[in-house]
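See below for input-v2.csv, which holds CSV, C-alpha atoms.
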chain,number,residue,atom,x,y,z
A,1,MET,CA,38.2,33.7,-35.4
A,2,SER,CA,35.2,32.2,-33.7
A,3,GLU,CA,35.3,31.4,-30.0
A,4,VAL,CA,34.6,27.8,-29.0
A,5,LEU,CA,32.0,27.7,-26.2
A,6,GLU,CA,32.8,25.5,-23.3
A,7,ASP,CA,30.3,22.8,-22.5
A,8,GLY,CA,29.9,23.5,-18.8
A,9,ILE,CA,27.1,21.0,-18.2
A,10,SER,CA,29.0,18.0,-19.5
A,11,ASN,CA,31.9,18.9,-17.1
A,12,LEU,CA,29.7,18.6,-14.1
A,13,PRO,CA,30.2,15.6,-11.7
A,14,GLY,CA,28.3,12.4,-12.6
A,15,SER,CA,26.1,12.7,-9.5
A,16,ILE,CA,24.8,16.1,-10.6
A,17,LEU,CA,24.1,14.9,-14.1
A,18,HIS,CA,22.2,12.0,-12.7
A,19,HIS,CA,20.1,14.4,-10.6
A,20,ILE,CA,19.4,16.5,-13.8
A,21,LEU,CA,18.3,13.4,-15.7
A,22,SER,CA,16.1,12.3,-12.8
A,23,PHE,CA,13.7,15.0,-13.8
A,24,ALA,CA,13.3,13.6,-17.3
A,25,ASP,CA,11.4,10.6,-18.6
A,26,THR,CA,13.6,7.6,-18.8
A,27,ARG,CA,13.2,7.4,-22.6
A,28,ASP,CA,14.3,11.1,-22.9
A,29,ALA,CA,17.2,10.4,-20.6
A,30,ALA,CA,18.3,7.6,-22.8
A,31,ARG,CA,18.3,9.9,-25.8
A,32,THR,CA,21.0,12.1,-24.2
A,33,CYS,CA,23.5,9.4,-25.3
A,34,VAL,CA,23.9,11.2,-28.6
A,35,LEU,CA,25.0,14.5,-27.2
A,36,SER,CA,28.6,13.7,-26.7
A,37,LYS,CA,31.1,11.1,-25.5
A,38,ARG,CA,30.5,12.1,-21.9
A,39,TRP,CA,26.8,11.6,-22.2
A,40,LYS,CA,27.0,8.3,-24.1
A,41,PHE,CA,27.0,6.2,-20.9
A,42,ILE,CA,25.6,8.5,-18.3
A,43,TRP,CA,22.1,7.4,-18.7
A,44,ARG,CA,23.0,3.8,-18.1
A,45,SER,CA,23.7,4.5,-14.4
A,46,ILE,CA,20.9,6.9,-13.5
A,47,PRO,CA,19.4,5.9,-10.1
A,48,ILE,CA,15.8,6.7,-11.0
A,49,LEU,CA,14.0,4.7,-13.6
A,50,GLU,CA,10.3,5.4,-14.5
A,51,PHE,CA,8.4,3.6,-17.2
A,52,SER,CA,4.8,4.3,-18.2
A,53,CYS,CA,2.7,2.9,-21.1
A,54,LYS,CA,-1.1,3.2,-21.5
A,55,ASN,CA,-1.3,2.7,-25.3
A,56,SER,CA,-1.8,-0.9,-26.4
A,57,SER,CA,-0.3,-0.1,-29.9
A,58,GLN,CA,3.0,0.8,-28.2
A,59,ALA,CA,3.1,-2.3,-25.9
A,60,ASN,CA,5.7,-4.2,-27.9
A,61,SER,CA,8.1,-1.3,-28.4
A,62,PHE,CA,7.6,-0.3,-24.8
A,63,GLY,CA,8.5,-3.7,-23.6
A,64,ASP,CA,11.6,-3.8,-25.8
A,65,PHE,CA,12.7,-0.4,-24.5
A,66,VAL,CA,12.4,-1.6,-20.9
A,67,ASP,CA,14.4,-4.8,-21.8
A,68,THR,CA,17.2,-2.7,-23.4
A,69,THR,CA,17.3,-0.2,-20.6
A,70,LEU,CA,17.7,-2.8,-17.8
A,71,GLU,CA,20.1,-4.9,-19.8
A,72,LEU,CA,22.4,-1.9,-20.5
A,73,HIS,CA,22.2,-0.5,-16.9
A,74,ASP,CA,25.5,-0.8,-15.3
A,75,GLY,CA,26.2,-2.3,-11.9
A,76,SER,CA,25.2,0.8,-9.9
A,77,ASN,CA,22.3,0.9,-7.6
A,78,ILE,CA,18.7,1.8,-8.7
A,79,GLN,CA,17.3,4.1,-6.0
A,80,ASN,CA,13.8,4.4,-7.4
A,81,PHE,CA,11.9,2.2,-9.9
A,82,ILE,CA,8.4,3.0,-11.2
A,83,LEU,CA,6.5,0.8,-13.7
A,84,ASP,CA,3.0,2.0,-14.6
A,85,ALA,CA,1.4,0.0,-17.4
A,86,SER,CA,-2.0,-1.2,-18.3
A,87,VAL,CA,-1.3,-2.9,-21.6
A,88,LEU,CA,1.3,-5.5,-20.7
A,89,SER,CA,0.3,-9.2,-20.8
A,90,ASN,CA,3.6,-11.0,-20.5
A,91,GLU,CA,3.9,-12.1,-16.9
A,92,SER,CA,7.3,-13.7,-17.3
A,93,ARG,CA,8.6,-10.5,-18.8
A,94,ILE,CA,7.3,-8.4,-15.9
A,95,GLY,CA,8.8,-10.9,-13.5
A,96,LYS,CA,12.2,-10.6,-15.2
A,97,TRP,CA,12.1,-6.8,-14.9
A,98,ILE,CA,11.3,-7.0,-11.2
A,99,THR,CA,14.1,-9.5,-10.5
A,100,THR,CA,16.6,-7.4,-12.4
A,101,VAL,CA,15.7,-4.2,-10.5
A,102,LEU,CA,15.8,-6.0,-7.2
A,103,SER,CA,19.4,-7.1,-8.0
A,104,HIS,CA,20.4,-3.4,-8.0
A,105,ASN,CA,19.5,-2.8,-4.4
A,106,VAL,CA,16.4,-0.8,-5.1
A,107,GLU,CA,15.0,1.2,-2.2
A,108,ASP,CA,11.8,2.7,-3.6
A,109,PHE,CA,9.7,0.3,-5.8
A,110,THR,CA,6.3,1.2,-7.4
A,111,LEU,CA,4.4,-1.2,-9.6
A,112,GLN,CA,1.1,-0.2,-11.1
A,113,LEU,CA,-0.6,-2.8,-13.3
A,114,THR,CA,-4.2,-2.5,-14.6
A,115,ILE,CA,-4.8,-6.0,-16.0
A,116,ARG,CA,-7.4,-8.7,-15.7
A,117,TYR,CA,-5.4,-11.7,-14.8
A,118,SER,CA,-3.5,-12.8,-11.7
A,119,VAL,CA,0.1,-11.8,-11.4
A,120,LEU,CA,2.5,-14.0,-9.6
A,121,MET,CA,5.2,-11.8,-8.2
A,122,PRO,CA,8.8,-13.1,-7.9
A,123,PRO,CA,9.4,-14.4,-4.3
A,124,SER,CA,12.4,-12.1,-4.1
A,125,LEU,CA,10.1,-9.1,-4.1
A,126,PHE,CA,8.9,-10.1,-0.7
A,127,THR,CA,12.3,-10.9,0.8
A,128,CYS,CA,14.3,-8.0,-0.6
A,129,GLU,CA,16.7,-6.6,2.0
A,130,SER,CA,17.1,-3.2,0.3
A,131,LEU,CA,13.5,-2.1,0.0
A,132,ILE,CA,12.4,0.9,2.1
A,133,LYS,CA,9.2,1.8,0.2
A,134,LEU,CA,7.0,-0.6,-1.6
A,135,ARG,CA,3.8,0.3,-3.6
A,136,LEU,CA,1.8,-2.3,-5.4
A,137,TYR,CA,-1.3,-1.3,-7.4
A,138,SER,CA,-3.0,-4.1,-9.2
A,139,GLY,CA,-6.3,-4.7,-11.0
A,140,PRO,CA,-7.4,-7.0,-9.6
A,141,ILE,CA,-5.1,-9.7,-8.4
A,142,ILE,CA,-1.6,-10.0,-6.8
A,143,CYS,CA,-0.7,-13.4,-5.6
A,144,PHE,CA,1.1,-13.3,-2.2
A,145,PRO,CA,3.4,-15.8,-0.7
A,146,LYS,CA,2.7,-17.0,2.8
A,147,TYR,CA,6.0,-15.6,4.0
A,148,ILE,CA,7.2,-12.0,3.8
A,149,SER,CA,10.5,-10.7,5.2
A,150,LEU,CA,11.4,-7.1,4.4
A,151,PRO,CA,13.9,-6.0,7.0
A,152,ARG,CA,14.3,-2.4,5.9
A,153,LEU,CA,10.7,-1.7,4.7
A,154,GLU,CA,9.2,1.4,6.3
A,155,ARG,CA,6.2,2.1,4.0
A,156,PHE,CA,4.0,-0.5,2.3
A,157,LEU,CA,1.0,0.6,0.1
A,158,LEU,CA,-1.2,-2.1,-1.4
A,159,PHE,CA,-4.1,-1.3,-3.6
A,160,GLY,CA,-6.6,-3.6,-5.4
A,161,ALA,CA,-5.4,-7.0,-4.3
A,162,LEU,CA,-7.4,-10.2,-3.8
A,163,PHE,CA,-6.6,-12.1,-0.6
A,164,LYS,CA,-7.2,-15.7,-0.1
A,165,ASP,CA,-7.4,-17.5,3.2
A,166,GLU,CA,-4.2,-19.4,2.8
A,167,CYS,CA,-2.2,-16.2,2.3
A,168,TRP,CA,-2.9,-15.0,5.8
A,169,ASN,CA,-1.2,-15.7,9.1
A,170,ASP,CA,-0.1,-13.7,12.1
A,171,GLN,CA,3.4,-13.4,10.8
A,172,LEU,CA,2.6,-11.8,7.5
A,173,PHE,CA,3.7,-8.3,8.4
A,174,SER,CA,5.6,-9.1,11.6
A,175,ASN,CA,8.7,-9.9,9.7
A,176,CYS,CA,9.0,-6.2,8.6
A,177,PRO,CA,10.6,-4.9,11.8
A,178,GLU,CA,11.0,-1.3,10.5
A,179,LEU,CA,7.4,-1.0,9.1
A,180,GLN,CA,5.8,2.3,10.1
A,181,PHE,CA,3.1,2.9,7.5
A,182,LEU,CA,0.7,0.4,6.0
A,183,PHE,CA,-2.1,1.2,3.5
A,184,LEU,CA,-4.6,-1.5,2.3
A,185,GLY,CA,-7.0,0.0,-0.2
A,186,SER,CA,-9.8,-1.5,-2.3
A,187,CYS,CA,-8.7,-5.0,-1.5
A,188,THR,CA,-11.0,-8.0,-1.7
A,189,TRP,CA,-11.3,-10.2,1.4
A,190,ALA,CA,-14.4,-12.3,0.6
A,191,ALA,CA,-12.5,-15.6,0.6
A,192,THR,CA,-10.7,-14.8,3.8
A,193,HIS,CA,-11.9,-16.1,7.2
A,194,ASN,CA,-9.1,-14.7,9.5
A,195,VAL,CA,-7.1,-11.5,9.0
A,196,CYS,CA,-4.3,-10.6,11.4
A,197,ILE,CA,-2.2,-7.5,11.2
A,198,SER,CA,0.6,-7.9,13.7
A,199,ASN,CA,3.6,-5.6,13.8
A,200,PRO,CA,5.3,-4.0,16.9
A,201,SER,CA,6.7,-1.0,15.0
A,202,LEU,CA,3.6,0.0,12.9
A,203,GLN,CA,2.7,3.6,13.6
A,204,LYS,CA,0.0,4.4,10.9
A,205,LEU,CA,-2.5,2.0,9.5
A,206,ILE,CA,-5.1,2.9,6.7
A,207,ILE,CA,-7.7,0.3,5.7
A,208,SER,CA,-9.9,1.8,3.0
A,209,ASN,CA,-12.4,-0.4,1.2
A,210,PRO,CA,-15.1,1.4,-0.9
A,211,LYS,CA,-18.6,0.0,-0.2
A,212,HIS,CA,-18.7,-1.8,-3.5
A,213,GLN,CA,-15.7,-3.9,-2.5
A,214,ASP,CA,-16.0,-7.2,-0.7
A,215,GLY,CA,-15.2,-6.4,2.8
A,216,PHE,CA,-14.7,-8.3,6.1
A,217,GLN,CA,-18.2,-9.5,6.7
A,218,ASN,CA,-17.0,-13.1,6.7
A,219,CYS,CA,-13.8,-12.3,8.5
A,220,ALA,CA,-12.5,-12.2,12.1
A,221,PHE,CA,-10.2,-9.2,12.0
A,222,GLU,CA,-7.3,-8.8,14.4
A,223,ILE,CA,-4.9,-5.9,14.9
A,224,GLN,CA,-1.9,-6.3,17.1
A,225,ALA,CA,0.1,-3.0,16.9
A,226,PRO,CA,1.2,-1.6,20.2
A,227,SER,CA,3.0,1.4,18.6
A,228,LEU,CA,0.1,2.5,16.5
A,229,GLU,CA,-0.5,6.3,16.6
A,230,ASP,CA,-2.9,6.8,13.6
A,231,LEU,CA,-5.7,4.5,12.5
A,232,THR,CA,-8.1,4.9,9.6
A,233,TYR,CA,-10.8,2.2,9.0
A,234,LYS,CA,-13.3,2.6,6.2
A,235,GLY,CA,-15.1,-0.6,5.1
A,236,ILE,CA,-17.9,-3.1,5.7
A,237,VAL,CA,-18.3,-4.3,9.3
A,238,ALA,CA,-16.3,-7.5,10.0
A,239,LYS,CA,-17.7,-10.6,11.5
A,240,ASP,CA,-15.7,-9.9,14.6
A,241,TYR,CA,-12.8,-7.8,15.9
A,242,ASP,CA,-9.9,-8.6,18.1
A,243,LEU,CA,-8.0,-5.4,18.8
A,244,SER,CA,-5.1,-5.0,21.1
A,245,SER,CA,-4.8,-2.0,23.4
A,246,PHE,CA,-3.4,1.0,21.6
A,247,PRO,CA,-1.4,2.9,24.3
A,248,SER,CA,0.2,5.2,21.7
A,249,LEU,CA,-2.9,5.9,19.6
A,250,VAL,CA,-3.5,9.6,19.0
A,251,GLU,CA,-5.8,9.8,16.1
A,252,ALA,CA,-8.5,7.5,14.6
A,253,HIS,CA,-11.0,7.9,11.8
A,254,ILE,CA,-13.8,5.3,11.6
A,255,ASP,CA,-16.4,4.9,8.8
A,256,PHE,CA,-18.4,1.6,8.6
A,257,TYR,CA,-20.4,0.7,5.5
A,258,PHE,CA,-23.4,-1.5,5.6
A,259,ASP,CA,-26.6,-2.1,3.5
A,260,VAL,CA,-29.2,-0.7,5.8
A,261,TYR,CA,-32.1,-1.7,3.5
A,262,ASN,CA,-31.1,-5.3,3.3
A,263,THR,CA,-30.1,-5.8,6.9
A,264,THR,CA,-32.2,-8.0,9.1
A,265,TRP,CA,-33.0,-7.2,12.8
A,266,GLU,CA,-30.6,-10.0,13.9
A,267,GLN,CA,-27.8,-8.7,11.7
A,268,ALA,CA,-28.4,-5.2,13.0
A,269,ILE,CA,-28.0,-6.4,16.6
A,270,HIS,CA,-24.8,-8.2,15.7
A,271,TYR,CA,-23.4,-5.1,13.8
A,272,GLY,CA,-24.2,-2.9,16.7
A,273,ALA,CA,-22.4,-5.1,19.2
A,274,VAL,CA,-19.4,-5.6,16.9
A,275,ILE,CA,-19.1,-1.8,16.3
A,276,SER,CA,-19.4,-1.2,20.0
A,277,LYS,CA,-16.5,-3.7,20.6
A,278,PHE,CA,-14.4,-1.9,18.0
A,279,LEU,CA,-15.1,1.5,19.6
A,280,ARG,CA,-14.2,0.3,23.0
A,281,ALA,CA,-10.6,-0.2,21.9
A,282,LEU,CA,-10.5,3.4,20.8
A,283,ALA,CA,-12.1,4.9,24.0
A,284,HIS,CA,-8.9,6.7,25.0
A,285,VAL,CA,-7.8,8.1,21.7
A,286,VAL,CA,-7.0,11.8,21.6
A,287,TYR,CA,-8.7,12.7,18.3
A,288,LEU,CA,-11.6,10.4,17.2
A,289,THR,CA,-13.7,10.9,14.1
A,290,ILE,CA,-16.7,8.7,13.6
A,291,SER,CA,-18.9,9.0,10.5
A,292,ASP,CA,-22.6,9.9,10.8
A,293,ARG,CA,-23.7,6.6,9.3
A,294,THR,CA,-21.7,4.7,11.9
A,295,LEU,CA,-23.2,6.6,14.8
A,296,GLN,CA,-26.7,6.2,13.3
A,297,PHE,CA,-26.3,2.5,13.1
A,298,VAL,CA,-25.5,2.1,16.8
A,299,PRO,CA,-29.1,2.1,18.2
A,300,SER,CA,-30.3,1.0,21.6
A,301,PHE,CA,-31.3,-2.6,21.7
A,302,PRO,CA,-33.0,-4.4,24.6
A,303,GLY,CA,-30.9,-6.7,26.8
A,304,GLU,CA,-27.2,-7.1,27.0
A,305,GLU,CA,-26.4,-5.5,23.7
A,306,GLU,CA,-27.9,-2.2,24.9
A,307,ASP,CA,-25.6,-2.1,27.9
A,308,ASP,CA,-22.6,-2.9,25.7
A,309,ILE,CA,-23.3,-0.2,23.1
A,310,GLY,CA,-24.3,2.3,25.7
A,311,ASP,CA,-21.1,1.8,27.7
A,312,ALA,CA,-18.9,2.2,24.6
A,313,SER,CA,-20.7,5.3,23.5
A,314,ASP,CA,-20.3,6.8,27.0
A,315,ASP,CA,-16.6,5.9,27.0
A,316,VAL,CA,-16.0,7.7,23.7
A,317,SER,CA,-18.2,10.7,24.5
A,318,GLU,CA,-16.6,11.2,27.9
A,319,ASP,CA,-13.1,10.8,26.5
A,320,ASN,CA,-13.8,13.4,23.8
A,321,HIS,CA,-15.3,15.7,26.4
A,322,ASN,CA,-12.2,15.5,28.6
A,323,ASN,CA,-10.0,16.1,25.5
A,324,ASP,CA,-11.9,19.2,24.6
A,325,ALA,CA,-11.7,20.5,28.2
A,326,ALA,CA,-7.9,19.9,28.2
Go ahead and express the file in the form of structure tokens.
Amino acid sequence: MSEVLEDGISNLPGSILHHILSFADTRDAARTCVLSKRWKFIWRSIPILEFSCKNSSQANSFGDFVDTTLELHDGSNIQNFILDASVLSNESRIGKWITTVLSHNVEDFTLQLTIRYSVLMPPSLFTCESLIKLRLYSGPIICFPKYISLPRLERFLLFGALFKDECWNDQLFSNCPELQFLFLGSCTWAATHNVCISNPSLQKLIISNPKHQDGFQNCAFEIQAPSLEDLTYKGIVAKDYDLSSFPSLVEAHIDFYFDVYNTTWEQAIHYGAVISKFLRALAHVVYLTISDRTLQFVPSFPGEEEDDIGDASDDVSEDNHNNDAA
């Protein structure tokens, strides 16, 4: 008489089964419904959903699968949602998915779209009360509302967005009272005249624009972040800077891009003065890294500019010397 083997895995608590399924692709997790009666509905309540599609021939079936998965998902919370797709073209469909996921109190949301048209995000994405981590990767345009309020958001990563002047005001990030980390990468700012990042809780700010991106050359750039501890700035020199004091700043990495060969003497003087102004705000940082090209572009100019640049260089050099001695 043959012995019936007990299915130990199926008898595990639902939370453990959810944890096991979290390591599988969402499509594979859905396939577990055929294993037994216990598994038939388990996948409908998994807290981690990850969808990825890079093949245009599979775009329709992929979209249908996402539709079905979200429609069948029960009322439980979605902890982590990831959508990575470069072949989708139905903006309303994407918006419906986002709205559905937000209704499940999602905490960690990642959206990566590599498409060539603007995407109008549902307003609810920028007023979601459950979000703790938000990552938006777009190629090339994400349309932002003028008002953002994310009361629990701690980390915000934004890559490849196009910003227009009407999007910006000094309240854009200030309504995120728990924000600690902000990354702005490969964004286009050419149509923006004033950029203000104001947040009292922000601790780490990374602005990274490769030299081929439109930078801040036409912008007055302002940072008001009294709790900032770590600053990275890589990009084209802005038209002007207005930086608050950074009493908590410990570490800064600065790398300015500019086209030396197509820069006039007047522009060089202006760049030198603006860079000097930027460095003055970092004079008391503990660890300061400045790229070679930035230092090489701060020459001595006759007149007032020479005094300004010289004083800033002395401040930074003296501070670093004191830090080394300590």
Please write as an mmCIF file with C-alpha atoms, in the frame of the given file the list of polymer residues whose atoms come within 7 Å of (-6.9, -7.7, 13.1), counting all atoms listed in the file and keeping to the coordinates of the file.
data_model
loop_
_atom_site.group_PDB
_atom_site.id
_atom_site.type_symbol
_atom_site.label_atom_id
_atom_site.label_comp_id
_atom_site.auth_asym_id
_atom_site.auth_seq_id
_atom_site.Cartn_x
_atom_site.Cartn_y
_atom_site.Cartn_z
ATOM 1 C CA VAL A 195 -7.100 -11.500 9.000
ATOM 2 C CA CYS A 196 -4.300 -10.600 11.400
ATOM 3 C CA ILE A 197 -2.200 -7.500 11.200
ATOM 4 C CA PHE A 221 -10.200 -9.200 12.000
ATOM 5 C CA GLU A 222 -7.300 -8.800 14.400
ATOM 6 C CA ILE A 223 -4.900 -5.900 14.900
ATOM 7 C CA GLN A 224 -1.900 -6.300 17.100
ATOM 8 C CA TYR A 241 -12.800 -7.800 15.900
ATOM 9 C CA ASP A 242 -9.900 -8.600 18.100
ATOM 10 C CA LEU A 243 -8.000 -5.400 18.800
#
Hey, what's within 9 Å of Leu182 of chain A if we count only C-alpha atoms and toss same-chain stuff fewer than 2 positions away? As a PyMOL selection string, please? chain A and resi 154-158+179-180+184+202-207
What is the atom CA of Asp240 of chain A to atom CA of Ser201 of chain A distance in Å?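 Rounded to one decimal, the two atoms are 24.1 Å apart.
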I need the residue nearest Arg135 of chain A from this list: A:Thr68, A:Gln296, A:Asn80, A:Ser92. Use all atoms listed in the file for the distance. A:Asn80
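We find atom CA of Thr99 of chain A and atom CA of Ser130 of chain A to be spaced 12.9 Å apart.
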Could you tell me which of A:Thr289, A:Ser276, A:Ser56, A:Asn262 comes closest to Lys234 of chain A if we count only C-alpha atoms? A:Thr289
Could you give me, as number ranges by chain, the residues that have an atom at most 8 Å away from the point (14.9, -0.6, -3.3) in the coordinates of the file, using all atoms listed in the file? A: 78-81, 102, 104-109, 128, 130-133
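The coordinates place atom CA of His253 of chain A at 8.4 Å from atom CA of Asp230 of chain A.
Considering the residues A:Ser227, A:Thr188, A:Thr232, A:Asn209 and counting all atoms listed in the file, Ser245 of chain A has its shortest atom-to-atom contact with A:Ser227.
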Quick one: residues within 12 Å of Phe278 of chain A, all atoms listed in the file counted, chain neighbours fewer than 5 positions away excluded, as a ChimeraX atom specification? /A:221-223,233,237-246,252,254-256,271-273,283,290,294,298,308-309,312-313,316
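The residue that comes closest to Asn175 of chain A, out of A:Gly160, A:Pro247, A:Pro200, A:Pro123 and on the basis of all atoms listed in the file, is A:Pro200.
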Using only C-alpha atoms, determine which residues lie at most 10 Å from Ile148 of chain A, disregarding the query and same-chain residues fewer than 2 positions distant; provide the list as a PyMOL selection string. chain A and resi 123-128+144-146+150-151+171-176
Take the residues just selected and output them with C-alpha atoms as a PDB file, keeping the file's coordinate frame.
ATOM      1  CA  PRO A 123       9.400 -14.400  -4.300  1.00  0.00           C
ATOM      2  CA  SER A 124      12.400 -12.100  -4.100  1.00  0.00           C
ATOM      3  CA  LEU A 125      10.100  -9.100  -4.100  1.00  0.00           C
ATOM      4  CA  PHE A 126       8.900 -10.100  -0.700  1.00  0.00           C
ATOM      5  CA  THR A 127      12.300 -10.900   0.800  1.00  0.00           C
ATOM      6  CA  CYS A 128      14.300  -8.000  -0.600  1.00  0.00           C
ATOM      7  CA  PHE A 144       1.100 -13.300  -2.200  1.00  0.00           C
ATOM      8  CA  PRO A 145       3.400 -15.800  -0.700  1.00  0.00           C
ATOM      9  CA  LYS A 146       2.700 -17.000   2.800  1.00  0.00           C
ATOM     10  CA  LEU A 150      11.400  -7.100   4.400  1.00  0.00           C
ATOM     11  CA  PRO A 151      13.900  -6.000   7.000  1.00  0.00           C
ATOM     12  CA  GLN A 171       3.400 -13.400  10.800  1.00  0.00           C
ATOM     13  CA  LEU A 172       2.600 -11.800   7.500  1.00  0.00           C
ATOM     14  CA  PHE A 173       3.700  -8.300   8.400  1.00  0.00           C
ATOM     15  CA  SER A 174       5.600  -9.100  11.600  1.00  0.00           C
ATOM     16  CA  ASN A 175       8.700  -9.900   9.700  1.00  0.00           C
ATOM     17  CA  CYS A 176       9.000  -6.200   8.600  1.00  0.00           C
TER      18      CYS A 176
END
